[in-house]
file structure24.cif (mmCIF, C-alpha atoms)
data_final
loop_
_atom_site.label_atom_id
_atom_site.label_comp_id
_atom_site.auth_asym_id
_atom_site.auth_seq_id
_atom_site.Cartn_x
_atom_site.Cartn_y
_atom_site.Cartn_z
CA MET A 1131 100.26 96.96 80.74
CA ASN A 1132 96.75 98.23 80.14
CA ASN A 1133 95.52 94.65 79.83
CA VAL A 1134 97.16 93.62 83.06
CA LEU A 1135 95.44 96.45 84.93
CA LYS A 1136 92.08 95.51 83.39
CA GLN A 1137 92.34 91.88 84.49
CA LYS A 1138 89.76 91.09 87.14
CA SER A 1139 92.26 89.28 89.32
CA TRP A 1140 95.95 88.60 89.73
CA SER A 1141 97.45 85.53 91.31
CA PRO A 1142 97.46 86.04 95.09
CA TYR A 1143 101.15 85.10 95.05
CA VAL A 1144 101.93 87.91 92.59
CA ALA A 1145 99.69 90.53 94.25
CA GLY A 1146 100.94 89.48 97.70
CA SER A 1147 104.61 89.63 96.69
CA ALA A 1148 104.07 93.07 95.18
CA ALA A 1149 102.57 94.15 98.51
CA GLY A 1150 105.73 92.81 100.16
CA ILE A 1151 107.90 95.00 97.94
CA LEU A 1152 105.59 97.93 98.73
CA LEU A 1153 106.07 97.32 102.46
CA CYS A 1154 109.88 97.29 102.07
CA LEU A 1155 109.80 100.53 100.05
CA SER A 1156 107.52 102.19 102.58
CA VAL A 1157 109.90 101.30 105.42
CA LEU A 1158 112.91 102.46 103.39
CA ILE A 1159 111.43 105.70 102.10
CA ALA A 1160 109.05 106.81 104.85
CA GLY A 1161 110.16 104.63 107.77
CA LYS A 1162 106.56 103.41 108.09
CA TYR A 1163 105.24 99.89 108.65
CA MET A 1164 101.73 99.01 107.53
CA GLY A 1165 98.95 98.93 110.08
CA ALA A 1166 95.29 99.86 110.25
CA SER A 1167 93.69 99.54 113.66
CA THR A 1168 95.21 102.59 115.41
CA THR A 1169 93.46 104.66 112.75
CA PHE A 1170 90.09 103.50 114.04
CA VAL A 1171 90.89 104.71 117.56
CA ARG A 1172 92.11 108.05 116.22
CA SER A 1173 88.96 108.36 114.10
CA ALA A 1174 86.76 107.52 117.08
CA GLY A 1175 88.67 110.23 118.96
CA LEU A 1176 88.16 112.74 116.14
CA ILE A 1177 84.40 112.07 116.21
CA GLU A 1178 84.18 112.21 120.03
CA LYS A 1179 86.12 115.46 120.03
CA ILE A 1180 83.26 117.16 118.19
CA PHE A 1181 80.97 116.46 121.14
CA ALA A 1182 83.32 116.49 124.11
CA TYR A 1183 86.60 118.22 123.29
CA GLU A 1184 87.78 118.66 126.88
CA ARG A 1185 87.04 115.09 127.86
CA VAL A 1186 88.89 113.53 124.90
CA ALA A 1187 91.95 115.68 125.56
CA LYS A 1188 92.22 114.24 129.08
CA MET A 1189 91.66 110.54 128.34
CA ASP A 1190 94.60 108.27 129.17
CA TYR A 1191 94.64 106.56 125.80
CA PHE A 1192 94.56 109.78 123.82
CA VAL A 1193 97.36 111.23 125.91
CA LYS A 1194 99.48 108.24 124.79
CA THR A 1195 98.12 108.12 121.21
CA LYS A 1196 97.41 111.65 120.00
CA VAL A 1197 94.18 112.26 118.11
CA ARG A 1198 95.46 113.46 114.76
CA ILE A 1199 95.66 112.57 111.09
CA ASP A 1200 98.94 110.73 110.55
CA TRP A 1201 100.65 108.50 107.98
CA GLN A 1202 98.54 105.47 108.86
CA TRP A 1203 95.27 107.42 108.71
CA MET A 1204 96.09 108.48 105.16
CA PHE A 1205 97.21 104.92 104.37
CA VAL A 1206 93.82 103.51 105.41
CA VAL A 1207 91.93 106.13 103.40
CA GLY A 1208 94.23 105.29 100.47
CA ILE A 1209 93.20 101.60 100.67
CA PHE A 1210 89.62 102.65 99.96
CA PHE A 1211 90.59 104.66 96.89
CA GLY A 1212 93.03 102.04 95.62
CA SER A 1213 90.37 99.36 95.78
CA LEU A 1214 87.80 101.66 94.17
CA LEU A 1215 90.24 102.44 91.36
CA ALA A 1216 91.18 98.80 90.76
CA SER A 1217 87.57 97.61 90.72
CA ARG A 1218 86.50 100.43 88.41
CA ILE A 1219 89.29 99.78 85.89
CA SER A 1220 88.42 96.08 85.67
CA ARG A 1221 84.65 96.75 85.87
CA ASP A 1222 84.61 94.54 88.93
CA PHE A 1223 82.80 97.08 91.12
CA VAL A 1224 79.43 95.70 92.16
CA ALA A 1225 77.33 97.16 94.96
CA THR A 1226 76.74 94.16 97.24
CA ALA A 1227 74.76 94.42 100.46
CA VAL A 1228 74.93 90.76 101.53
CA PRO A 1229 77.89 88.49 100.65
CA PRO A 1230 76.93 85.34 98.65
CA THR A 1231 78.34 82.90 101.24
CA TRP A 1232 76.36 84.59 104.02
CA GLU A 1233 73.20 84.66 101.90
CA LYS A 1234 73.39 80.93 101.20
CA ARG A 1235 73.58 80.16 104.90
CA PHE A 1236 71.51 82.89 106.57
CA GLY A 1237 69.25 84.19 103.82
CA PRO A 1238 69.06 87.55 102.02
CA GLU A 1239 67.79 89.74 104.92
CA LYS A 1240 70.06 92.75 104.93
CA VAL A 1241 69.45 93.78 108.53
CA ARG A 1242 70.58 90.42 109.86
CA ARG A 1243 73.88 90.65 107.97
CA TRP A 1244 74.42 94.27 108.93
CA THR A 1245 73.76 93.52 112.61
CA ALA A 1246 76.30 90.71 112.50
CA ALA A 1247 78.81 92.94 110.70
CA PHE A 1248 78.36 95.71 113.25
CA THR A 1249 78.66 93.34 116.21
CA GLY A 1250 81.65 91.57 114.69
CA GLY A 1251 83.34 94.88 113.98
CA THR A 1252 82.85 96.09 117.55
CA ILE A 1253 84.27 92.88 119.03
CA ALA A 1254 87.14 92.71 116.52
CA MET A 1255 88.35 96.25 117.10
CA PHE A 1256 88.19 95.91 120.88
CA GLY A 1257 90.37 92.81 120.57
CA ALA A 1258 92.71 94.42 118.05
CA ARG A 1259 93.36 97.32 120.40
CA LEU A 1260 93.94 94.99 123.33
CA THR A 1261 96.55 92.96 121.44
CA GLY A 1262 97.95 96.14 119.86
CA GLY A 1263 97.38 95.39 116.19
CA CYS A 1264 95.35 93.75 113.43
CA PRO A 1265 96.28 91.41 110.55
CA SER A 1266 98.16 94.33 108.94
CA GLY A 1267 100.14 95.59 111.93
CA HIS A 1268 100.66 92.32 113.77
CA GLY A 1269 100.22 90.14 110.70
CA LEU A 1270 102.11 91.67 107.77
CA SER A 1271 104.43 94.04 109.62
CA GLY A 1272 104.91 91.91 112.74
CA LEU A 1273 105.58 88.64 110.91
CA SER A 1274 107.97 90.35 108.48
CA GLN A 1275 110.00 91.69 111.40
CA LEU A 1276 109.92 88.26 113.11
CA ALA A 1277 108.22 89.86 116.14
CA VAL A 1278 107.11 87.36 118.77
CA SER A 1279 103.95 89.44 119.40
CA GLY A 1280 103.06 89.11 115.70
CA TYR A 1281 103.32 85.33 115.60
CA ILE A 1282 101.35 84.86 118.84
CA SER A 1283 98.66 87.25 117.62
CA LEU A 1284 98.27 85.82 114.14
CA ILE A 1285 97.94 82.27 115.47
CA CYS A 1286 95.25 83.42 117.93
CA PHE A 1287 93.45 85.46 115.23
CA PHE A 1288 93.08 82.33 113.14
CA LEU A 1289 92.25 79.96 116.04
CA ALA A 1290 89.35 82.12 117.21
CA GLY A 1291 88.33 82.98 113.65
CA ILE A 1292 88.16 79.30 112.70
CA GLY A 1293 86.17 78.68 115.90
CA MET A 1294 83.65 81.38 115.01
CA ALA A 1295 83.40 80.08 111.42
CA ARG A 1296 82.62 76.61 112.80
CA ILE A 1297 79.87 78.02 115.00
CA LEU A 1298 78.35 79.89 112.03
CA TYR A 1299 78.89 77.36 109.26
CA GLY A 1300 79.63 74.13 111.13
CA GLY A 1301 76.47 72.29 110.10
CA THR A 1302 76.73 73.01 106.38
CA LYS A 1303 78.64 70.15 104.79
CA GLY A 1304 79.65 70.33 101.15
CA ARG A 1305 78.85 74.01 100.89
CA MET B 1391 107.80 114.73 100.42
CA ASN B 1392 105.09 115.16 103.02
CA ILE B 1393 104.68 112.02 105.12
CA LEU B 1394 100.87 112.19 104.78
CA ILE B 1395 101.11 112.04 100.99
CA TRP B 1396 103.37 109.00 101.25
CA GLY B 1397 100.75 107.34 103.44
CA PHE B 1398 98.04 108.07 100.91
CA ILE B 1399 100.07 106.79 97.94
CA THR B 1400 101.13 103.64 99.81
CA GLY B 1401 97.49 103.04 100.75
CA ILE B 1402 96.26 103.45 97.18
CA ILE B 1403 98.80 100.91 95.85
CA PHE B 1404 98.08 98.50 98.72
CA GLY B 1405 94.30 98.81 98.18
CA PHE B 1406 94.82 98.21 94.46
CA LEU B 1407 96.82 95.03 95.16
CA LEU B 1408 94.30 93.77 97.75
CA GLN B 1409 91.51 94.20 95.20
CA LYS B 1410 93.45 92.42 92.43
CA GLY B 1411 94.35 89.63 94.86
CA GLN B 1412 90.61 89.15 95.57
CA VAL B 1413 91.17 89.21 99.31
CA LEU B 1414 88.64 91.97 100.03
CA ARG B 1415 85.77 89.50 100.02
CA TYR B 1416 83.77 88.14 102.92
CA ASP B 1417 83.58 84.88 100.96
CA LYS B 1418 87.37 84.58 100.72
CA GLN B 1419 87.99 85.47 104.36
CA LEU B 1420 85.39 82.96 105.55
CA GLY B 1421 86.77 80.51 102.98
CA ALA B 1422 90.05 80.54 104.87
CA LEU B 1423 88.38 80.33 108.28
CA CYS B 1424 86.28 77.38 107.05
CA LEU B 1425 89.58 75.85 105.75
CA LYS B 1426 88.24 75.63 102.19
CA ASP B 1427 89.90 78.43 100.22
CA PHE B 1428 93.26 79.79 101.30
CA ILE B 1429 93.60 82.73 98.92
CA ILE B 1430 94.00 85.23 101.80
CA VAL B 1431 96.69 83.07 103.39
CA LYS B 1432 98.53 82.84 100.06
CA PHE B 1433 98.42 86.62 99.69
CA MET B 1434 99.45 87.28 103.27
CA LEU B 1435 102.34 84.81 103.37
CA SER B 1436 103.64 86.01 99.99
CA THR B 1437 103.73 89.55 101.36
CA VAL B 1438 105.45 88.40 104.54
CA LEU B 1439 108.10 86.28 102.75
CA VAL B 1440 109.11 89.10 100.42
CA ALA B 1441 108.98 91.80 103.12
CA MET B 1442 110.86 89.65 105.65
CA VAL B 1443 113.82 89.13 103.30
CA GLY B 1444 113.75 92.76 102.14
CA ILE B 1445 113.46 94.35 105.56
CA TYR B 1446 116.20 92.22 107.13
CA LEU B 1447 118.52 92.82 104.16
CA LEU B 1448 117.96 96.56 104.48
CA HIS B 1449 118.36 96.28 108.24
CA ASP B 1450 121.66 94.39 107.93
CA PHE B 1451 122.94 97.28 105.82
CA GLY B 1452 121.74 99.74 108.45
CA LEU B 1453 119.25 101.38 106.09
CA VAL B 1454 116.05 100.77 108.06
CA GLU B 1455 114.98 100.39 111.68
CA LEU B 1456 112.72 97.71 113.07
CA LYS B 1457 109.58 98.94 114.85
CA LEU B 1458 108.54 96.00 116.96
CA LYS B 1459 105.28 95.79 118.84
CA PRO B 1460 105.94 94.68 122.42
CA THR B 1461 105.03 91.17 123.47
CA VAL B 1462 102.58 91.13 126.40
CA LEU B 1463 101.31 87.57 126.70
CA ALA B 1464 97.93 88.22 128.37
CA ALA B 1465 97.02 91.14 126.10
CA ASN B 1466 98.32 89.44 122.93
CA ILE B 1467 96.52 86.16 123.55
CA MET B 1468 93.23 87.50 124.95
CA GLY B 1469 93.05 90.43 122.55
CA SER B 1470 93.81 88.29 119.51
CA LEU B 1471 91.27 85.63 120.46
CA ILE B 1472 88.63 88.37 120.89
CA PHE B 1473 89.69 89.87 117.54
CA GLY B 1474 89.45 86.47 115.83
CA ALA B 1475 85.91 85.88 117.08
CA GLY B 1476 84.81 89.30 115.83
CA TRP B 1477 86.64 88.80 112.54
CA GLY B 1478 84.82 85.49 111.97
CA LEU B 1479 81.50 87.26 112.45
CA LEU B 1480 82.31 90.36 110.37
CA GLY B 1481 84.32 88.57 107.68
CA TYR B 1482 86.65 91.52 107.13
CA CYS B 1483 89.66 92.72 109.08
CA PRO B 1484 90.13 96.48 109.65
CA GLY B 1485 92.19 97.13 106.49
CA THR B 1486 90.13 94.87 104.24
CA ALA B 1487 86.83 96.31 105.52
CA VAL B 1488 87.86 99.70 104.15
CA GLY B 1489 89.03 98.08 100.90
CA ALA B 1490 85.83 96.04 100.58
CA LEU B 1491 83.79 99.24 100.79
CA GLY B 1492 85.90 100.56 97.89
CA GLU B 1493 84.81 97.69 95.64
CA GLY B 1494 81.17 98.07 96.58
CA ARG B 1495 80.75 95.53 99.39
CA TRP B 1496 78.91 97.92 101.60
CA ASP B 1497 77.98 95.47 104.35
CA SER B 1498 81.52 96.31 105.45
CA LEU B 1499 80.33 99.85 106.24
CA PHE B 1500 78.43 98.45 109.23
CA GLY B 1501 81.58 96.63 110.25
CA ILE B 1502 83.54 99.90 110.05
CA ILE B 1503 80.94 101.69 112.21
CA GLY B 1504 81.15 98.78 114.65
CA MET B 1505 84.93 99.06 114.69
CA LEU B 1506 84.73 102.75 115.55
CA CYS B 1507 82.44 101.81 118.47
CA GLY B 1508 84.78 99.02 119.54
CA ALA B 1509 87.68 101.47 119.49
CA ALA B 1510 85.71 103.98 121.59
CA ILE B 1511 84.80 101.27 124.13
CA TYR B 1512 88.45 100.26 124.37
CA VAL B 1513 89.49 103.85 125.04
CA GLU B 1514 86.93 104.02 127.89
CA LEU B 1515 88.22 100.81 129.44
CA TYR B 1516 91.91 101.51 128.82
CA PRO B 1517 92.63 103.05 132.27
CA ALA B 1518 91.22 99.90 133.92
CA LEU B 1519 93.07 97.47 131.61
CA LYS B 1520 96.41 99.24 131.83
CA THR B 1521 97.34 97.89 135.24
CA ASN B 1522 96.31 94.27 134.72
CA VAL B 1523 95.77 92.60 131.32
CA LEU B 1524 98.13 95.03 129.61
CA ALA B 1525 100.81 94.37 132.24
CA TRP B 1526 100.69 90.57 132.54
CA GLY B 1527 103.49 88.66 130.85
CA LYS B 1528 105.43 91.64 129.56
CA PHE B 1529 108.47 90.61 127.52
CA GLY B 1530 109.09 93.84 125.65
CA LYS B 1531 110.10 94.13 122.02
CA ILE B 1532 111.40 90.64 121.28
CA THR B 1533 111.92 88.74 118.04
CA LEU B 1534 111.97 85.03 117.21
CA PRO B 1535 115.74 84.94 116.46
CA GLU B 1536 116.41 86.64 119.81
CA ILE B 1537 114.49 84.12 121.89
CA LEU B 1538 115.84 81.19 119.87
CA GLY B 1539 119.37 82.58 120.05
CA ILE B 1540 120.07 81.99 116.34
CA SER B 1541 120.72 84.15 113.28
CA HIS B 1542 117.65 85.80 111.75
CA TRP B 1543 118.60 84.28 108.39
CA ILE B 1544 118.14 80.77 109.80
CA VAL B 1545 114.65 81.71 111.06
CA ILE B 1546 113.82 83.36 107.71
CA SER B 1547 115.02 80.28 105.76
CA GLY B 1548 112.89 78.04 107.98
CA LEU B 1549 109.81 80.20 107.46
CA ILE B 1550 110.37 80.24 103.69
CA ILE B 1551 110.53 76.44 103.63
CA VAL B 1552 107.39 76.07 105.79
CA SER B 1553 105.44 78.62 103.70
CA CYS B 1554 106.47 77.11 100.36
CA SER B 1555 105.46 73.66 101.61
CA LEU B 1556 102.08 75.11 102.56
CA PHE B 1557 101.75 76.73 99.10
CA TYR B 1558 102.59 73.40 97.46
CA TRP B 1559 99.98 71.63 99.58
CA PHE B 1560 97.29 74.30 98.87
CA GLU B 1561 97.86 74.02 95.12
CA LYS B 1562 97.96 70.22 95.16
CA LYS B 1563 94.68 70.02 97.07
CA GLY B 1564 93.11 72.87 95.07
CA LEU B 1565 92.44 74.88 98.23
#
call {"tool": "encode", "arguments": {"input": "structure24.cif", "output": "structure tokens"}}
result
Amino acid sequence: MNNVLKQKSWSPYVAGSAAGILLCLSVLIAGKYMGASTTFVRSAGLIEKIFAYERVAKMDYFVKTKVRIDWQWMFVVGIFFGSLLASRISRDFVATAVPPTWEKRFGPEKVRRWTAAFTGGTIAMFGARLTGGCPSGHGLSGLSQLAVSGYISLICFFLAGIGMARILYGGTKGR
Amino acid sequence: MNILIWGFITGIIFGFLLQKGQVLRYDKQLGALCLKDFIIVKFMLSTVLVAMVGIYLLHDFGLVELKLKPTVLAANIMGSLIFGAGWGLLGYCPGTAVGALGEGRWDSLFGIIGMLCGAAIYVELYPALKTNVLAWGKFGKITLPEILGISHWIVISGLIIVSCSLFYWFEKKGL
């Protein structure tokens, strides 16, 4: 058991199937489906509340989706600690500022990567909120429930993602 | 037990599995979007196959409820295409960005800050979007078996066959 936990990686089929069992148990025990993007809106609300409490309380979106710490908020925080734990046990934790694939294509300048990450994050979350979910909520939970919204969303996530990857990496054959 | 604690525990296990499955990497996410390395697709589909069978079995026995996200064509398609473009640039989705930070990939931190900004922008624009994009093509909470008019087990069997064929092809081609 100890050896298994210390392994740097598990087959994605095994780790993925285990996540599937986890999702079933979560629905059975807590009645909760996995998701992540609503947490970012709630967190943005929590931060905005510090500066403009009255304003946040009146905003349409926050009337519909209350600014509070809920199951999903704790779930997302848990992901951070779970990953930290797993990478520490297997000594796989390495502080990396620029991903290798990015560096090969765009060079080692940190600011360039961080700007792209920030911009990408802003665009992605706006889109995720518009469609009502991310690859966890629409992807894992939506597909598992055979939701039409999940299948439409996941197909569009990949279509646009592949398009963006082509723009960024299109000219690099044999990379 | 407190629902928040369940969220935290579920998150820790999920984060652990994501890290072991090696899906928390920019390089793996872009690998899939460049159609060169499908590890994230293998993980995701494995989760979905297991969860789909589990959730519908539990549902048939009346033990769990489905929580479907509504299908709104305009919002689902536009939002997901916007998400995909941002995802291609950031290289992490909301859940994996948090997990990536846990294993030391701190370029994801800028993505997370961007996502908080994207969420805040969405909240500002929500009153304006509510009456148009979020209202076009509303079909409510629908599932694939409902619109096809067949048993969910037929749809599930079909999806299992398609996914396993994909897995076979990935392994054969070494993708």
call {"tool": "resolve_selection", "arguments": {"input": "structure24.cif", "expression": "the PyMOL selection byres ((chain A and resi 1154) around 12)", "output": "PyMOL selection string"}}
result
(chain A and resi 1147-1153+1155-1164+1270-1271+1274-1275) or (chain B and resi 1400+1437-1449+1453-1456)
call {"tool": "residues_around", "arguments": {"input": "structure24.cif", "residues": "Ser1213 of chain A", "least_positions_apart": "2", "cutoff": "9 Å", "atoms": "only C-alpha atoms", "output": "list of chain:residue names"}}
result
A:Gly1208, A:Ile1209, A:Phe1210, A:Phe1211, A:Leu1215, A:Ala1216, A:Ser1217, A:Arg1218, B:Ile1402, B:Ile1403, B:Phe1404, B:Gly1405, B:Phe1406, B:Leu1407, B:Leu1408, B:Gln1409, B:Lys1410, B:Leu1414, B:Val1488, B:Gly1489, B:Ala1490, B:Leu1491, B:Gly1492, B:Glu1493
call {"tool": "resolve_selection", "arguments": {"input": "structure24.cif", "expression": "the PyMOL selection byres ((chain A and resi 1295) around 8)", "output": "PDB file with C-alpha atoms, in the coordinates of the input"}}
result
ATOM      1  CA  GLY A1291      88.330  82.980 113.650  1.00  0.00           C
ATOM      2  CA  ILE A1292      88.160  79.300 112.700  1.00  0.00           C
ATOM      3  CA  GLY A1293      86.170  78.680 115.900  1.00  0.00           C
ATOM      4  CA  MET A1294      83.650  81.380 115.010  1.00  0.00           C
ATOM      5  CA  ARG A1296      82.620  76.610 112.800  1.00  0.00           C
ATOM      6  CA  ILE A1297      79.870  78.020 115.000  1.00  0.00           C
ATOM      7  CA  LEU A1298      78.350  79.890 112.030  1.00  0.00           C
ATOM      8  CA  TYR A1299      78.890  77.360 109.260  1.00  0.00           C
ATOM      9  CA  GLY A1300      79.630  74.130 111.130  1.00  0.00           C
TER      10      GLY A1300
ATOM     11  CA  LEU B1420      85.390  82.960 105.550  1.00  0.00           C
ATOM     12  CA  LEU B1423      88.380  80.330 108.280  1.00  0.00           C
ATOM     13  CA  CYS B1424      86.280  77.380 107.050  1.00  0.00           C
ATOM     14  CA  GLY B1478      84.820  85.490 111.970  1.00  0.00           C
ATOM     15  CA  LEU B1479      81.500  87.260 112.450  1.00  0.00           C
TER      16      LEU B1479
END
call {"tool": "atom_distance", "arguments": {"input": "structure24.cif", "atom1": "atom CA of Arg1198 of chain A", "atom2": "atom CA of Gly1257 of chain A"}}
result
22.0 Å
call {"tool": "closest_residue", "arguments": {"input": "structure24.cif", "among": "A:Ala1277, A:Ile1253, A:Phe1288, A:Pro1229", "to": "Gly1530 of chain B", "atoms": "all atoms listed in the file"}}
result
A:Ala1277
call {"tool": "atom_distance", "arguments": {"input": "structure24.cif", "atom1": "atom CA of Trp1396 of chain B", "atom2": "atom CA of Trp1201 of chain A"}}
result
7.3 Å
call {"tool": "closest_residue", "arguments": {"input": "structure24.cif", "among": "B:Asp1450, B:Glu1536, B:Asp1497, B:Glu1561", "to": "chain A", "atoms": "all atoms listed in the file"}}
result
B:Asp1497
call {"tool": "atom_distance", "arguments": {"input": "structure24.cif", "atom1": "atom CA of Ile1393 of chain B", "atom2": "atom CA of Thr1261 of chain A"}}
result
26.4 Å
call {"tool": "residues_around", "arguments": {"input": "structure24.cif", "residues": "Ile1467 of chain B", "least_positions_apart": "2", "cutoff": "10 Å", "atoms": "all atoms listed in the file", "output": "PDB file with C-alpha atoms, keeping the file's coordinate frame"}}
result
ATOM      1  CA  GLY A1257      90.370  92.810 120.570  1.00  0.00           C
ATOM      2  CA  LEU A1260      93.940  94.990 123.330  1.00  0.00           C
ATOM      3  CA  THR A1261      96.550  92.960 121.440  1.00  0.00           C
ATOM      4  CA  SER A1279     103.950  89.440 119.400  1.00  0.00           C
ATOM      5  CA  ILE A1282     101.350  84.860 118.840  1.00  0.00           C
ATOM      6  CA  SER A1283      98.660  87.250 117.620  1.00  0.00           C
ATOM      7  CA  LEU A1284      98.270  85.820 114.140  1.00  0.00           C
ATOM      8  CA  ILE A1285      97.940  82.270 115.470  1.00  0.00           C
ATOM      9  CA  CYS A1286      95.250  83.420 117.930  1.00  0.00           C
ATOM     10  CA  PHE A1287      93.450  85.460 115.230  1.00  0.00           C
TER      11      PHE A1287
ATOM     12  CA  THR B1461     105.030  91.170 123.470  1.00  0.00           C
ATOM     13  CA  VAL B1462     102.580  91.130 126.400  1.00  0.00           C
ATOM     14  CA  LEU B1463     101.310  87.570 126.700  1.00  0.00           C
ATOM     15  CA  ALA B1464      97.930  88.220 128.370  1.00  0.00           C
ATOM     16  CA  ALA B1465      97.020  91.140 126.100  1.00  0.00           C
ATOM     17  CA  GLY B1469      93.050  90.430 122.550  1.00  0.00           C
ATOM     18  CA  SER B1470      93.810  88.290 119.510  1.00  0.00           C
ATOM     19  CA  LEU B1471      91.270  85.630 120.460  1.00  0.00           C
ATOM     20  CA  ILE B1472      88.630  88.370 120.890  1.00  0.00           C
ATOM     21  CA  PHE B1473      89.690  89.870 117.540  1.00  0.00           C
TER      22      PHE B1473
END
call {"tool": "closest_residue", "arguments": {"input": "structure24.cif", "among": "A:Pro1230, A:Asp1222, A:Tyr1183, A:Lys1196", "to": "Gln1412 of chain B", "atoms": "all atoms listed in the file"}}
result
A:Asp1222
call {"tool": "residues_around", "arguments": {"input": "structure24.cif", "residues": "Gly1263 of chain A", "least_positions_apart": "5", "cutoff": "8 Å", "atoms": "only C-alpha atoms", "output": "ChimeraX atom specification"}}
result
/A:1165-1168,1258,1268
call {"tool": "resolve_selection", "arguments": {"input": "structure24.cif", "expression": "the PyMOL selection byres ((chain B and resi 1535) around 10)", "output": "PDB file with C-alpha atoms, in the frame of the given file"}}
result
ATOM      1  CA  LEU A1276     109.920  88.260 113.110  1.00  0.00           C
ATOM      2  CA  ALA A1277     108.220  89.860 116.140  1.00  0.00           C
ATOM      3  CA  VAL A1278     107.110  87.360 118.770  1.00  0.00           C
TER       4      VAL A1278
ATOM      5  CA  ILE B1532     111.400  90.640 121.280  1.00  0.00           C
ATOM      6  CA  THR B1533     111.920  88.740 118.040  1.00  0.00           C
ATOM      7  CA  LEU B1534     111.970  85.030 117.210  1.00  0.00           C
ATOM      8  CA  GLU B1536     116.410  86.640 119.810  1.00  0.00           C
ATOM      9  CA  ILE B1537     114.490  84.120 121.890  1.00  0.00           C
ATOM     10  CA  LEU B1538     115.840  81.190 119.870  1.00  0.00           C
ATOM     11  CA  GLY B1539     119.370  82.580 120.050  1.00  0.00           C
ATOM     12  CA  ILE B1540     120.070  81.990 116.340  1.00  0.00           C
ATOM     13  CA  SER B1541     120.720  84.150 113.280  1.00  0.00           C
ATOM     14  CA  HIS B1542     117.650  85.800 111.750  1.00  0.00           C
ATOM     15  CA  TRP B1543     118.600  84.280 108.390  1.00  0.00           C
ATOM     16  CA  ILE B1544     118.140  80.770 109.800  1.00  0.00           C
ATOM     17  CA  VAL B1545     114.650  81.710 111.060  1.00  0.00           C
ATOM     18  CA  ILE B1546     113.820  83.360 107.710  1.00  0.00           C
TER      19      ILE B1546
END
call {"tool": "closest_residue", "arguments": {"input": "structure24.cif", "among": "A:Leu1135, A:Thr1226, A:Thr1195, A:Asp1200", "to": "Arg1495 of chain B", "atoms": "all atoms listed in the file"}}
result
A:Thr1226
call {"tool": "closest_residue", "arguments": {"input": "structure24.cif", "among": "B:Ser1553, B:Asn1392, B:Ser1436, B:Thr1486", "to": "chain A", "atoms": "all atoms listed in the file"}}
result
B:Ser1436
call {"tool": "closest_residue", "arguments": {"input": "structure24.cif", "among": "A:Ser1266, A:Asn1133, A:Ser1173, A:Thr1252", "to": "chain B", "atoms": "only C-alpha atoms"}}
result
A:Thr1252
call {"tool": "residues_around", "arguments": {"input": "structure24.cif", "residues": "Ala1174 of chain A", "least_positions_apart": "3", "cutoff": "10 Å", "atoms": "only C-alpha atoms", "output": "list in words"}}
result
Thr1168, Thr1169, Phe1170, Val1171, Ile1177, Glu1178, Lys1179 and Val1197 of chain A; Ile1503, Met1505, Leu1506, Cys1507, Gly1508, Ala1509, Ala1510, Ile1511 and Val1513 of chain B
